[in-house]
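Participant: Pasting final.txt below, which is compact mmCIF, C-alpha atoms.
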```txt
# COMPACT_ATOMS: atom_id res chain seq x y z
CA THR A 1 15.31 -1.01 20.45
CA VAL A 2 11.74 0.20 21.02
CA ALA A 3 10.41 -0.63 24.49
CA GLY A 4 6.93 0.77 24.95
CA ASN A 5 5.10 3.04 22.54
CA SER A 6 7.49 5.69 21.20
CA SER A 7 7.30 8.77 19.01
CA VAL A 8 9.77 11.19 17.45
CA THR A 9 8.39 14.57 16.34
CA THR A 10 10.17 17.54 14.79
CA ALA A 11 8.77 20.73 13.30
CA GLY A 12 11.59 21.33 10.83
CA GLY A 13 14.52 19.06 11.57
CA ALA A 14 15.40 15.75 9.96
CA ILE A 15 14.83 12.34 11.51
CA THR A 16 17.38 9.59 10.81
CA LEU A 17 17.00 6.01 12.02
CA GLY A 18 19.39 3.10 11.97
CA LEU A 19 18.49 -0.49 12.83
CA VAL A 20 15.29 -0.64 14.92
CA ASP A 21 13.59 -3.61 16.57
CA SER A 22 10.92 -4.02 19.23
CA ASP A 23 12.04 -5.40 22.57
CA VAL A 24 9.26 -8.02 22.26
CA ASP A 25 8.10 -9.37 18.92
CA ASN A 26 4.88 -7.85 17.51
CA THR A 27 4.54 -5.28 20.30
CA ASN A 28 5.14 -1.52 20.71
CA ASN A 29 4.30 1.33 18.36
CA LEU A 30 6.77 3.71 16.70
CA THR A 31 5.53 7.03 15.26
CA LEU A 32 7.74 9.44 13.30
CA SER A 33 6.52 12.91 12.33
CA SER A 34 8.62 15.52 10.56
CA GLY A 35 6.99 18.82 9.66
CA ALA A 36 9.55 20.02 7.11
CA GLY A 37 12.55 17.75 7.51
CA ILE A 38 13.46 14.54 5.73
CA ILE A 39 12.88 11.17 7.39
CA THR A 40 15.73 8.76 6.58
CA LEU A 41 15.12 5.08 7.25
CA GLY A 42 18.73 3.97 7.18
CA ASP A 43 18.27 0.31 8.13
CA ASP A 44 15.63 -2.33 8.79
CA ILE A 45 12.64 -1.49 11.00
CA GLY A 46 11.34 -4.46 13.00
CA ALA A 47 12.90 -7.08 10.74
CA THR A 48 14.06 -9.31 13.61
CA LEU A 49 11.50 -8.39 16.29
CA ALA A 50 8.50 -6.71 14.65
CA LEU A 51 6.68 -3.67 15.95
CA ALA A 52 2.92 -3.65 16.48
CA ASN A 53 2.38 -0.47 14.43
CA PHE A 54 4.71 1.84 12.51
CA SER A 55 3.92 5.31 11.15
CA ALA A 56 6.05 7.86 9.29
CA THR A 57 4.74 11.28 8.23
CA THR A 58 6.77 13.95 6.42
CA SER A 59 6.09 16.92 4.18
CA ALA A 60 9.04 15.80 2.04
CA ALA A 61 9.50 12.68 -0.06
CA LEU A 62 9.86 9.37 1.77
CA SER A 63 12.14 6.49 0.78
CA THR A 64 11.85 2.92 2.10
CA PRO A 65 15.05 1.17 0.99
CA ASN A 66 15.03 -1.35 3.85
CA ALA A 67 12.62 -3.79 5.47
CA ILE A 68 9.71 -2.55 7.60
CA SER A 69 7.81 -5.07 9.72
CA ALA A 70 4.83 -4.27 11.98
CA GLN A 71 2.19 -6.81 12.89
CA THR A 72 -0.94 -4.64 12.55
CA THR A 73 -0.37 -1.47 10.50
CA VAL A 74 2.23 0.47 8.56
CA ASN A 75 1.22 4.05 7.67
CA LEU A 76 3.37 6.10 5.27
CA THR A 77 2.44 9.73 4.52
CA ALA A 78 4.57 12.06 2.40
CA GLY A 79 4.25 15.51 0.90
CA GLY A 80 6.32 14.16 -1.98
CA ALA A 81 6.77 10.75 -3.53
CA ILE A 82 6.94 7.48 -1.62
CA SER A 83 9.36 4.97 -3.10
CA GLY A 84 11.49 1.99 -2.17
CA ALA A 85 12.34 -1.67 -2.67
CA GLY A 86 12.47 -2.61 1.01
CA VAL A 87 10.09 -5.42 1.92
CA ILE A 88 7.10 -4.23 3.97
CA THR A 89 5.41 -6.86 6.16
CA THR A 90 2.12 -5.96 7.86
CA ALA A 91 -1.58 -6.75 8.04
CA GLN A 92 -2.52 -3.35 6.57
CA LEU A 93 -0.44 -0.80 4.67
CA THR A 94 -1.81 2.72 4.16
CA THR A 95 0.03 5.21 1.97
CA VAL A 96 -0.70 8.86 1.17
CA SER A 97 1.61 10.57 -1.33
CA SER A 98 1.86 13.72 -3.41
CA GLY A 99 4.06 12.81 -6.33
CA GLY A 100 3.44 9.11 -6.71
CA THR A 101 3.97 5.87 -4.79
CA SER A 102 6.26 3.09 -6.01
CA LEU A 103 6.91 0.18 -3.65
CA SER A 104 8.66 -2.50 -5.68
CA GLY A 105 9.86 -4.97 -3.05
CA LEU A 106 8.32 -8.43 -2.70
CA ASN A 107 6.08 -7.15 0.07
CA ASN A 108 4.05 -9.23 2.52
CA VAL A 109 0.97 -7.07 2.97
CA ASP A 110 -2.54 -8.45 3.55
CA ASN A 111 -4.52 -5.24 2.94
CA LEU A 112 -3.61 -2.11 0.95
CA ILE A 113 -5.05 1.42 1.05
CA ALA A 114 -3.25 3.92 -1.21
CA THR A 115 -3.95 7.54 -2.16
CA ASN A 116 -1.94 9.80 -4.46
CA THR A 117 -3.03 13.41 -4.68
CA THR A 118 -0.96 15.03 -7.44
CA SER A 119 1.49 13.83 -10.10
CA GLY A 120 2.72 10.30 -10.56
CA GLY A 121 0.99 6.97 -10.15
CA ILE A 122 0.61 4.12 -7.67
CA SER A 123 2.72 1.01 -8.17
CA PHE A 124 2.80 -1.84 -5.65
CA SER A 125 4.06 -5.43 -5.76
CA ASN A 126 3.23 -8.16 -3.25
CA ASP A 127 4.51 -11.68 -2.63
CA ILE A 128 1.27 -12.96 -1.06
CA ALA A 129 -2.48 -12.65 -1.66
CA LEU A 130 -3.61 -9.03 -1.48
CA ILE A 131 -6.88 -7.29 -0.61
CA THR A 132 -7.24 -3.70 -1.81
CA LYS A 133 -9.43 -1.46 0.34
CA GLY A 134 -9.33 1.73 -1.70
CA ILE A 135 -6.78 2.80 -4.32
CA ASP A 136 -7.20 6.42 -5.44
CA ASN A 137 -4.97 8.10 -8.02
CA SER A 138 -7.55 10.63 -9.16
CA GLY A 139 -5.02 13.45 -8.74
CA GLY A 140 -2.14 11.65 -10.44
CA ASN A 141 -0.96 11.48 -14.03
CA ALA A 142 0.37 7.92 -14.30
CA ALA A 143 -0.96 4.38 -14.02
CA ILE A 144 -2.10 2.32 -11.08
CA ASN A 145 -0.09 -0.92 -11.23
CA ILE A 146 -0.82 -3.65 -8.66
CA SER A 147 0.77 -7.10 -8.86
CA THR A 148 1.30 -10.26 -6.84
CA THR A 149 3.63 -13.20 -7.30
CA ASN A 150 1.03 -15.54 -8.77
CA ASP A 151 -1.40 -15.02 -5.90
CA ASN A 152 -4.92 -13.69 -5.48
CA ILE A 153 -5.94 -10.03 -5.65
CA THR A 154 -9.32 -9.03 -4.19
CA VAL A 155 -11.07 -5.65 -4.37
CA PHE A 156 -12.83 -5.41 -1.01
CA THR A 157 -16.58 -4.78 -0.73
CA ALA A 158 -17.70 -1.17 -1.37
CA THR A 159 -14.24 0.12 -2.30
CA ASP A 160 -12.84 1.35 -5.61
CA ILE A 161 -9.69 1.45 -7.66
CA ASN A 162 -9.83 4.92 -9.22
CA ALA A 163 -7.23 5.90 -11.80
CA ALA A 164 -9.17 8.86 -13.26
CA ALA A 165 -7.74 9.40 -16.78
CA ASN A 166 -4.86 6.99 -16.21
CA ASN A 167 -4.40 3.29 -16.93
CA ILE A 168 -5.06 0.45 -14.49
CA ILE A 169 -2.81 -2.62 -14.60
CA ILE A 170 -3.59 -5.53 -12.27
CA ASN A 171 -1.56 -8.74 -12.48
CA ALA A 172 -2.39 -11.72 -10.26
CA GLY A 173 -0.39 -14.10 -12.44
CA THR A 174 -1.83 -17.58 -11.97
CA GLY A 175 -3.98 -16.40 -9.05
CA THR A 176 -7.60 -15.22 -8.98
CA PHE A 177 -8.77 -11.64 -9.39
CA THR A 178 -11.98 -10.98 -7.42
CA MET A 179 -14.20 -7.92 -7.32
CA GLN A 180 -16.60 -8.13 -4.38
CA ALA A 181 -20.05 -6.47 -4.37
CA ASP A 182 -20.29 -2.70 -4.89
CA THR A 183 -16.73 -2.31 -6.17
CA ASN A 184 -15.52 -0.35 -9.17
CA LEU A 185 -12.50 0.02 -11.43
CA PHE A 186 -12.59 3.60 -12.73
CA ALA A 187 -10.49 4.69 -15.73
CA SER A 188 -11.83 7.41 -17.98
CA GLY A 189 -11.25 8.74 -21.49
CA SER A 190 -8.80 6.78 -23.62
CA SER A 191 -7.15 5.08 -20.65
CA THR A 192 -7.09 1.27 -20.47
CA ILE A 193 -7.72 -1.42 -17.86
CA ASN A 194 -5.48 -4.49 -18.15
CA LEU A 195 -6.29 -7.48 -15.94
CA THR A 196 -4.16 -10.65 -15.74
CA ALA A 197 -5.21 -13.72 -13.73
CA ASP A 198 -6.04 -17.39 -14.22
CA ASP A 199 -9.56 -16.85 -12.86
CA PHE A 200 -11.89 -13.85 -12.55
CA VAL A 201 -14.73 -13.53 -10.03
CA LEU A 202 -17.20 -10.63 -10.26
CA ASP A 203 -19.77 -10.46 -7.46
CA THR A 204 -23.16 -9.54 -8.92
CA SER A 205 -25.10 -9.64 -5.63
CA GLY A 206 -26.46 -6.37 -4.26
CA THR A 207 -24.76 -3.63 -6.29
CA PRO A 208 -22.71 -5.50 -8.93
CA ALA A 209 -19.02 -4.92 -9.46
CA GLN A 210 -18.27 -2.53 -12.32
CA ILE A 211 -15.28 -2.24 -14.64
CA GLY A 212 -14.75 1.01 -16.55
CA GLY A 213 -16.36 4.43 -16.50
CA THR A 214 -15.73 7.38 -14.22
CA ASN A 215 -16.28 8.12 -10.57
```
Written as structure tokens, how would this file's structure read?

Facilitator:
Amino acid sequence: TVAGNSSVTTAGGAITLGLVDSDVDNTNNLTLSSGAGIITLGDDIGATLALANFSATTSAALSTPNAISAQTTVNLTAGGAISGAGVITTAQLTTVSSGGTSLSGLNNVDNLIATNTTSGGISFSNDIALITKGIDNSGGNAAINISTTNDNITVFTATDINAAANNIIINAGTGTFTMQADTNLFASGSSTINLTADDFVLDTSGTPAQIGGTN
């Protein structure tokens, strides 16, 4: 149980967690930082009593097999790949990976920021409406794949989805796909952009939304 803001930091050792909850729902921060060791999330984090914020940073790969729930932010940073089917529930999820990000659970995330710096792609599924606030796979070598369970996907004002020479796949099912002003979908060369939604909204005020081309 986390009571008060807590952190666990190690320069080279591993960090292993079992079941973790806050002592009061939607309060308290938990920060994990492992310089060279593996972080193992062995059970749910905040599934019964959510944290306020949760952060995990490691130079290794990071797996999220179990639920993570934090009211305001979840930040995941890895020197390798980030992967898992555990359901993440938060207002804003930020991921930074080197080797790809694949989060396949039916997540409950309002806002997504994702960066991948080397190989791999970015794949994320959500069970509610999603706002992207910057998706960058310019260093990767696989597709960006963002989907919701028949709910809206919005590219937030003045942010991009940048796949470089990789494909972009966005699937809102029966929801609406919206690109707000000054947003771009970048996919260069022979790569493709595949959009699925019942309705499409492209904001042409100010700097119009743009699909295709390079950054």

Participant: Report, as AutoDock Vina command-line options, the centre and edge lengths in Å (one decimal) of the axis-aligned box enclosing every listed atom of range 30-35 of chain A, padded by 4 Å on each side.

Facilitator:
```
--center_x 7.1 --center_y 11.3 --center_z 13.2 --size_x 11.1 --size_y 23.1 --size_z 15.0
```

Participant: Just give me the gap between CA of Leu130 in chain A and CA of Val20 in chain A in Å, one decimal is fine.

Facilitator: 26.4 Å

Participant: Using all atoms listed in the file, I'd like a table of the residues in range 124-147 of chain A that come within 12 Å of range 71-90 of chain A; for each, show the closest atom pair and its distance in Å rounded to one decimal, ordered by chain and ascending number, as CSV.

Facilitator:
```
residue,atom,partner,partner_atom,distance
A:Phe124,CA,A:Ser83,CA,9.8
A:Ser125,CA,A:Ala85,CA,9.6
A:Asn126,CA,A:Val87,CA,9.0
A:Asp127,CA,A:Val87,CA,9.5
A:Ile128,CA,A:Thr89,CA,10.3
A:Leu130,CA,A:Thr90,CA,11.4
A:Gly140,CA,A:Ala81,CA,11.3
```

Participant: Would you mind exporting the chosen residues as a short mmCIF file (atom, residue, chain, number, x, y, z; two decimals), in the frame of the given file, restricted to C-alpha atoms?

Facilitator:
```
data_model
loop_
_atom_site.label_atom_id
_atom_site.label_comp_id
_atom_site.auth_asym_id
_atom_site.auth_seq_id
_atom_site.Cartn_x
_atom_site.Cartn_y
_atom_site.Cartn_z
CA PHE A 124 2.80 -1.84 -5.65
CA SER A 125 4.06 -5.43 -5.76
CA ASN A 126 3.23 -8.16 -3.25
CA ASP A 127 4.51 -11.68 -2.63
CA ILE A 128 1.27 -12.96 -1.06
CA LEU A 130 -3.61 -9.03 -1.48
CA GLY A 140 -2.14 11.65 -10.44
#
```

Participant: Which one is closest to Ser102 in chain A: A:Thr58, A:Ser138, A:Thr10, A:Ser147? Count all atoms listed in the file.

Facilitator: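 Of A:Thr58, A:Ser138, A:Thr10, A:Ser147, the one nearest Ser102 in chain A is A:Ser147, counting all atoms listed in the file.
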
Participant: Which residue, A:Thr159, A:Gly206, A:Thr149, A:Thr27, has the smallest gap to Leu112 in chain A when you use all atoms listed in the file?

Facilitator: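 Comparing A:Thr159, A:Gly206, A:Thr149, A:Thr27 against Leu112 in chain A, the winner is A:Thr159.
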
Participant: Please check which residues have atoms at most 6 Å from (-4.8, -2.2, -0.9) in the file's coordinates, counting all atoms listed in the file, and write them as a short mmCIF file (atom, residue, chain, number, x, y, z; two decimals) with C-alpha atoms, in the coordinates of the input.

Facilitator:
```cif
data_model
loop_
_atom_site.label_atom_id
_atom_site.label_comp_id
_atom_site.auth_asym_id
_atom_site.auth_seq_id
_atom_site.Cartn_x
_atom_site.Cartn_y
_atom_site.Cartn_z
CA ASN A 111 -4.52 -5.24 2.94
CA LEU A 112 -3.61 -2.11 0.95
CA ILE A 113 -5.05 1.42 1.05
CA ILE A 131 -6.88 -7.29 -0.61
CA THR A 132 -7.24 -3.70 -1.81
CA LYS A 133 -9.43 -1.46 0.34
#
```

Participant: Residues at most 10 Å from range 171-181 of chain A, counting all atoms listed in the file, excluding those fewer than 2 positions away in the same chain, as an MDAnalysis selection string?

Facilitator: chainID A and resid 125:126 128:132 145:160 169 183:185 194:211

Participant: The selected residues should be written to file as a tab-separated table (two decimals), in the frame of the given file (atoms: C-alpha atoms).

Facilitator:
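So result_29.tsv came out as:
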```
chain	number	residue	atom	x	y	z
A	125	SER	CA	4.06	-5.43	-5.76
A	126	ASN	CA	3.23	-8.16	-3.25
A	128	ILE	CA	1.27	-12.96	-1.06
A	129	ALA	CA	-2.48	-12.65	-1.66
A	130	LEU	CA	-3.61	-9.03	-1.48
A	131	ILE	CA	-6.88	-7.29	-0.61
A	132	THR	CA	-7.24	-3.70	-1.81
A	145	ASN	CA	-0.09	-0.92	-11.23
A	146	ILE	CA	-0.82	-3.65	-8.66
A	147	SER	CA	0.77	-7.10	-8.86
A	148	THR	CA	1.30	-10.26	-6.84
A	149	THR	CA	3.63	-13.20	-7.30
A	150	ASN	CA	1.03	-15.54	-8.77
A	151	ASP	CA	-1.40	-15.02	-5.90
A	152	ASN	CA	-4.92	-13.69	-5.48
A	153	ILE	CA	-5.94	-10.03	-5.65
A	154	THR	CA	-9.32	-9.03	-4.19
A	155	VAL	CA	-11.07	-5.65	-4.37
A	156	PHE	CA	-12.83	-5.41	-1.01
A	157	THR	CA	-16.58	-4.78	-0.73
A	158	ALA	CA	-17.70	-1.17	-1.37
A	159	THR	CA	-14.24	0.12	-2.30
A	160	ASP	CA	-12.84	1.35	-5.61
A	169	ILE	CA	-2.81	-2.62	-14.60
A	183	THR	CA	-16.73	-2.31	-6.17
A	184	ASN	CA	-15.52	-0.35	-9.17
A	185	LEU	CA	-12.50	0.02	-11.43
A	194	ASN	CA	-5.48	-4.49	-18.15
A	195	LEU	CA	-6.29	-7.48	-15.94
A	196	THR	CA	-4.16	-10.65	-15.74
A	197	ALA	CA	-5.21	-13.72	-13.73
A	198	ASP	CA	-6.04	-17.39	-14.22
A	199	ASP	CA	-9.56	-16.85	-12.86
A	200	PHE	CA	-11.89	-13.85	-12.55
A	201	VAL	CA	-14.73	-13.53	-10.03
A	202	LEU	CA	-17.20	-10.63	-10.26
A	203	ASP	CA	-19.77	-10.46	-7.46
A	204	THR	CA	-23.16	-9.54	-8.92
A	205	SER	CA	-25.10	-9.64	-5.63
A	206	GLY	CA	-26.46	-6.37	-4.26
A	207	THR	CA	-24.76	-3.63	-6.29
A	208	PRO	CA	-22.71	-5.50	-8.93
A	209	ALA	CA	-19.02	-4.92	-9.46
A	210	GLN	CA	-18.27	-2.53	-12.32
A	211	ILE	CA	-15.28	-2.24	-14.64
```

Participant: Nearest to Ala163 in chain A: which of A:Ile122, A:Ala47, A:Ala91, A:Leu41 is it, counting all atoms listed in the file?

Facilitator: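 Of A:Ile122, A:Ala47, A:Ala91, A:Leu41, the one nearest Ala163 in chain A, counting all atoms listed in the file, is A:Ile122.
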
Participant: Tell me, as a VMD selection string, which residues lie within 8 Å of range 190-192 of chain A, counting all atoms listed in the file; anything in the same chain fewer than 2 positions away does not count.

Facilitator: chain A and resid 165 to 168 187 to 188 194
